[in-house]
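Accompanying notes for the structure given below.
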Amino acid sequence: MNYPKELRYTKTHEWTKEEDGAYVVGISDFAQHSLGDVVFINLPQEGDDVKSGEAFGDVESVKAVSDIVSPVTGRICAVNEELVDSPELLNSDPYGAWIIKVADVSETGELLSAADYEEFCRQED
Amino acid sequence: MKLIFEKSTQGRSCSILPPCDVEQIELKEGLARKTKPDLPQLSETDVSRHYTELCNRVHGVNNGFYPLGSCTMKYNPRIDEQMAALEGFTSIHPLAPDYSTKGCKAVLDTAEKCLCEITGMDGMTFQPAAGAHGEFTGVLLIKQYHASRNDTRRTKIIVPDSAHGTNPATAAMCGFEVVNIPSAPDGCVDLQALKGALGEDTAGLMLTNPNTLGIFDENILEITRMVHEVGGLCYYDGANLNAVMGVVRPGDMGFDCIHLNLHKTFATPHGGGGPGAGAVGCKAFLRAFLPGSAIKGHEGIQVRSFAGNFLVVVKAVTYILTLGKEGIPEAARNAVLNANYLMRRIQGTFEPAFDRICMHEFVLDLSRFKEETGVSALDVAKSLIDRGIHPPTMYFPLIVHEALMPEPTETESKETLDEAADIFRELYELARKDPDYMKSSPHNAQIGRPDEVQAARNPILRWKRT
């Protein structure tokens with residue numbers, strides 16, 4: 001399992017990082033591994049508001065449909081539309097396959113360091 | 001293949017309906033439709049061929065091994081169908097005068113008496129049309145019970161994570177808050193977690209025993225005692241009753257109400273098809289709340305018209321009376337024996353998630369296998385189709401990653417189980433030699449890998465003339 005040090009993580013298994021003034025959001029390696037093969041993603045629209053701790057979309061795998069929860073409060077400034085046709089990228093490259101970028105961030109939820117998140121996942125497994 | 005509508009030829013017909021023997025009436029103005037229904041027009045030969053072609057595209061219990069976990073796809077004895085086809089049962093109308101429906105009433109009374117004896121309940125309804133419908137009815141009983149006592153604080157239903165998948169949905173549909181509690185490492189209810197979840201807001205507990213891991217919870221008496229102690233009721237999901245029918249009774253385990261899937265435990269297996277019958281039983285103190293209850297002074301609920309899918313009840317009664325008091329527990333014991341035999345014959349390749357004696361089904365954990373070979377539980381399931389075996393339930397329960405859940409049932413012979421075990425073992429080896437072949441299977445089926453996501457999200461259910 002891979003936990004890149006430069007990222008921050010949520011207890012609902014999303015990752016985020018600040019890049020050019022926006023927060024990039026995706027799902028972690030642990031998340032994609034637990035989900036199994038992802039077959040569908042429901043994406044929000046650019047311009048939608050997101051709130052930290054609330055779902056902004058969902059992913060469907062061979063096992064179940066799961067919410068994707070926003071780590072931050074703000075407004076969506078970019079959506080990775082490539083995932084609509086290739087949701088399997090979330091499995092093959094979870095940290096490259098970002099889902100949304102959030103601008104005007106006013107608040108962040110509880111974000112864990114890579115080490116703390118790895119420990120949290122160990123207990124969850 | 002073509003739809004029956006696409007095979008239609010204008011003006012062609014067949015006369016398979018008997019002539020009308022009741023007086024024709026004119027419908028009132030506004031009730032009659034203005035255009036004729038656009039029904040397909042075919043000869044009897046075409047209709048017969050159409051349905052035979054459909055039949056050939058299906059894999060049923062009569063085609064081969066069908067170990068679909070928790071669906072209990074046992075062989076359905078022909079005598080059950082013969083009884084359900086008797087004209088006295090098929091040509092009856094639910095509103096016919098009482099003197100002409102005494103036979104049907106006797107079937108329902110016999111079913112209630114037998115099933116109450118098997119489950120340790122005091123009363124039963126046959127209205128619910130399927131398992132989840134039965135769950136819904138059962139949890140409504142709990143809701144009505146608390147409401148009748150003006151006990152409005154009870155807003156939560158506790159559901160262990162090894163419960164049947166429909167349980168949390170049922171509790172939510174009945175307006176309760178669902179409290180999920182984790183399993184202990186042995187796959188059973190974690191008593192500490194249960195204790196922590198119980199309180200004066202507990203309406204009840206929904207439990208499947210044996211659970212979806214195929215494990216019988218040995219703490220069951222303690223669990224139901226704990227729930228009753230705080231004033232909650234206990235609901236038994238009968239999905240897995242096949243493992244214990246005639247051996248132990250949910251009523252003796254401390255459950256207050258239950259549902260049974262007559263269409264699997266008592267023949268007529270349908271594995272997602274239909275029709276079903278989700279009979280709901282309860283202890284005497286809940287009887288007044290049962291749908292169709294004869295007890296006056298209570299506003300009973302109704303979940304379906306009349307006696308539900310009555311012919312499924314006819315089949316269940318036939319099944320029970322054929323097997324009798326000795327045959328019912330023997331069937332349960334053989335179901336458990338077959339599951340354990342198959343599990344041990346496969347072990348050494350695909351490993352069980354819990355290395356212990358199982359009940360009527362077991363869960364294989366393919367996560368290490370997938371890491372080693374890249375072949376997933378889905379790929380193994382698809383490969384089984386090529387070998388003439390219906391895939392087991394997959395990716396359930398969620399607490400086991402890469403899960404496959406075979407349930408062989410008591411109606412399979414040792415030879416069938418040996419053959420199936422050999423196929424599982426062969427596929428285990430094949431994944432190492434030629435993983436790509438398995439990832440692209442099935443190779444010999446009429447339908448390979450349909451787009452299940454789009455089929456579920458955007459189903460095309462209606463044919464339109466173009």
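Chain labels follow the order of the structure tokens: the first chain is A, the next B, and so on; residue numbering restarts at 1 in every chain, and ligands are counted from 1 in their shown order.
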
Using 7 Å as the limit and counting only C-alpha atoms, can you tabulate each residue of chain A that touches chain B, with its shortest atom-to-atom distance in Å and the two atoms involved, as CSV?
residue,atom,partner,partner_atom,distance
A:Ser34,CA,B:His401,CA,7.0
A:Phe40,CA,B:Val453,CA,6.9
A:Lys63,CA,B:Tyr395,CA,5.3

Written selection (N, CA and C atoms) as a short mmCIF file (atom, residue, chain, number, x, y, z; two decimals), in the first residue's frame:
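Written output follows (result_14.cif):
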data_model
loop_
_atom_site.label_atom_id
_atom_site.label_comp_id
_atom_site.auth_asym_id
_atom_site.auth_seq_id
_atom_site.Cartn_x
_atom_site.Cartn_y
_atom_site.Cartn_z
N SER A 34 -9.67 -1.34 -1.27
CA SER A 34 -10.84 -1.87 -0.55
C SER A 34 -12.06 -1.96 -1.45
N PHE A 40 -17.64 2.78 -12.24
CA PHE A 40 -18.44 3.97 -12.55
C PHE A 40 -18.14 5.08 -11.55
N LYS A 63 -18.18 -4.20 -5.90
CA LYS A 63 -18.74 -4.55 -4.60
C LYS A 63 -19.90 -3.65 -4.19
#

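Nearest to Asp386 in chain B of all the residues B:Ser440, B:Thr318, B:Gln347, B:Gln10 is B:Ser440, counting only C-alpha atoms.
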
Taking into account only C-alpha atoms, which residue in the set A:Val50, A:Ile68, A:Met1, A:Leu7 is nearest to Ile27 in chain A? A:Ile68

Just the residues within 6 Å of Ile76 in chain A, please, counting only C-alpha atoms, with nothing from its chain fewer than 4 positions along; format it as a list in words.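 After dropping sequence-adjacent residues, the list is Glu46, Gly47, Asp48, Lys101 and Val102 of chain A.
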
Residues from last step as file, C-alpha atoms, as a short mmCIF file (atom, residue, chain, number, x, y, z; two decimals), in the first residue's frame:
data_model
loop_
_atom_site.label_atom_id
_atom_site.label_comp_id
_atom_site.auth_asym_id
_atom_site.auth_seq_id
_atom_site.Cartn_x
_atom_site.Cartn_y
_atom_site.Cartn_z
CA GLU A 46 -17.56 22.71 -12.14
CA GLY A 47 -18.78 25.64 -10.05
CA ASP A 48 -20.61 23.44 -7.50
CA LYS A 101 -9.95 20.71 -7.70
CA VAL A 102 -11.45 23.07 -5.13
#
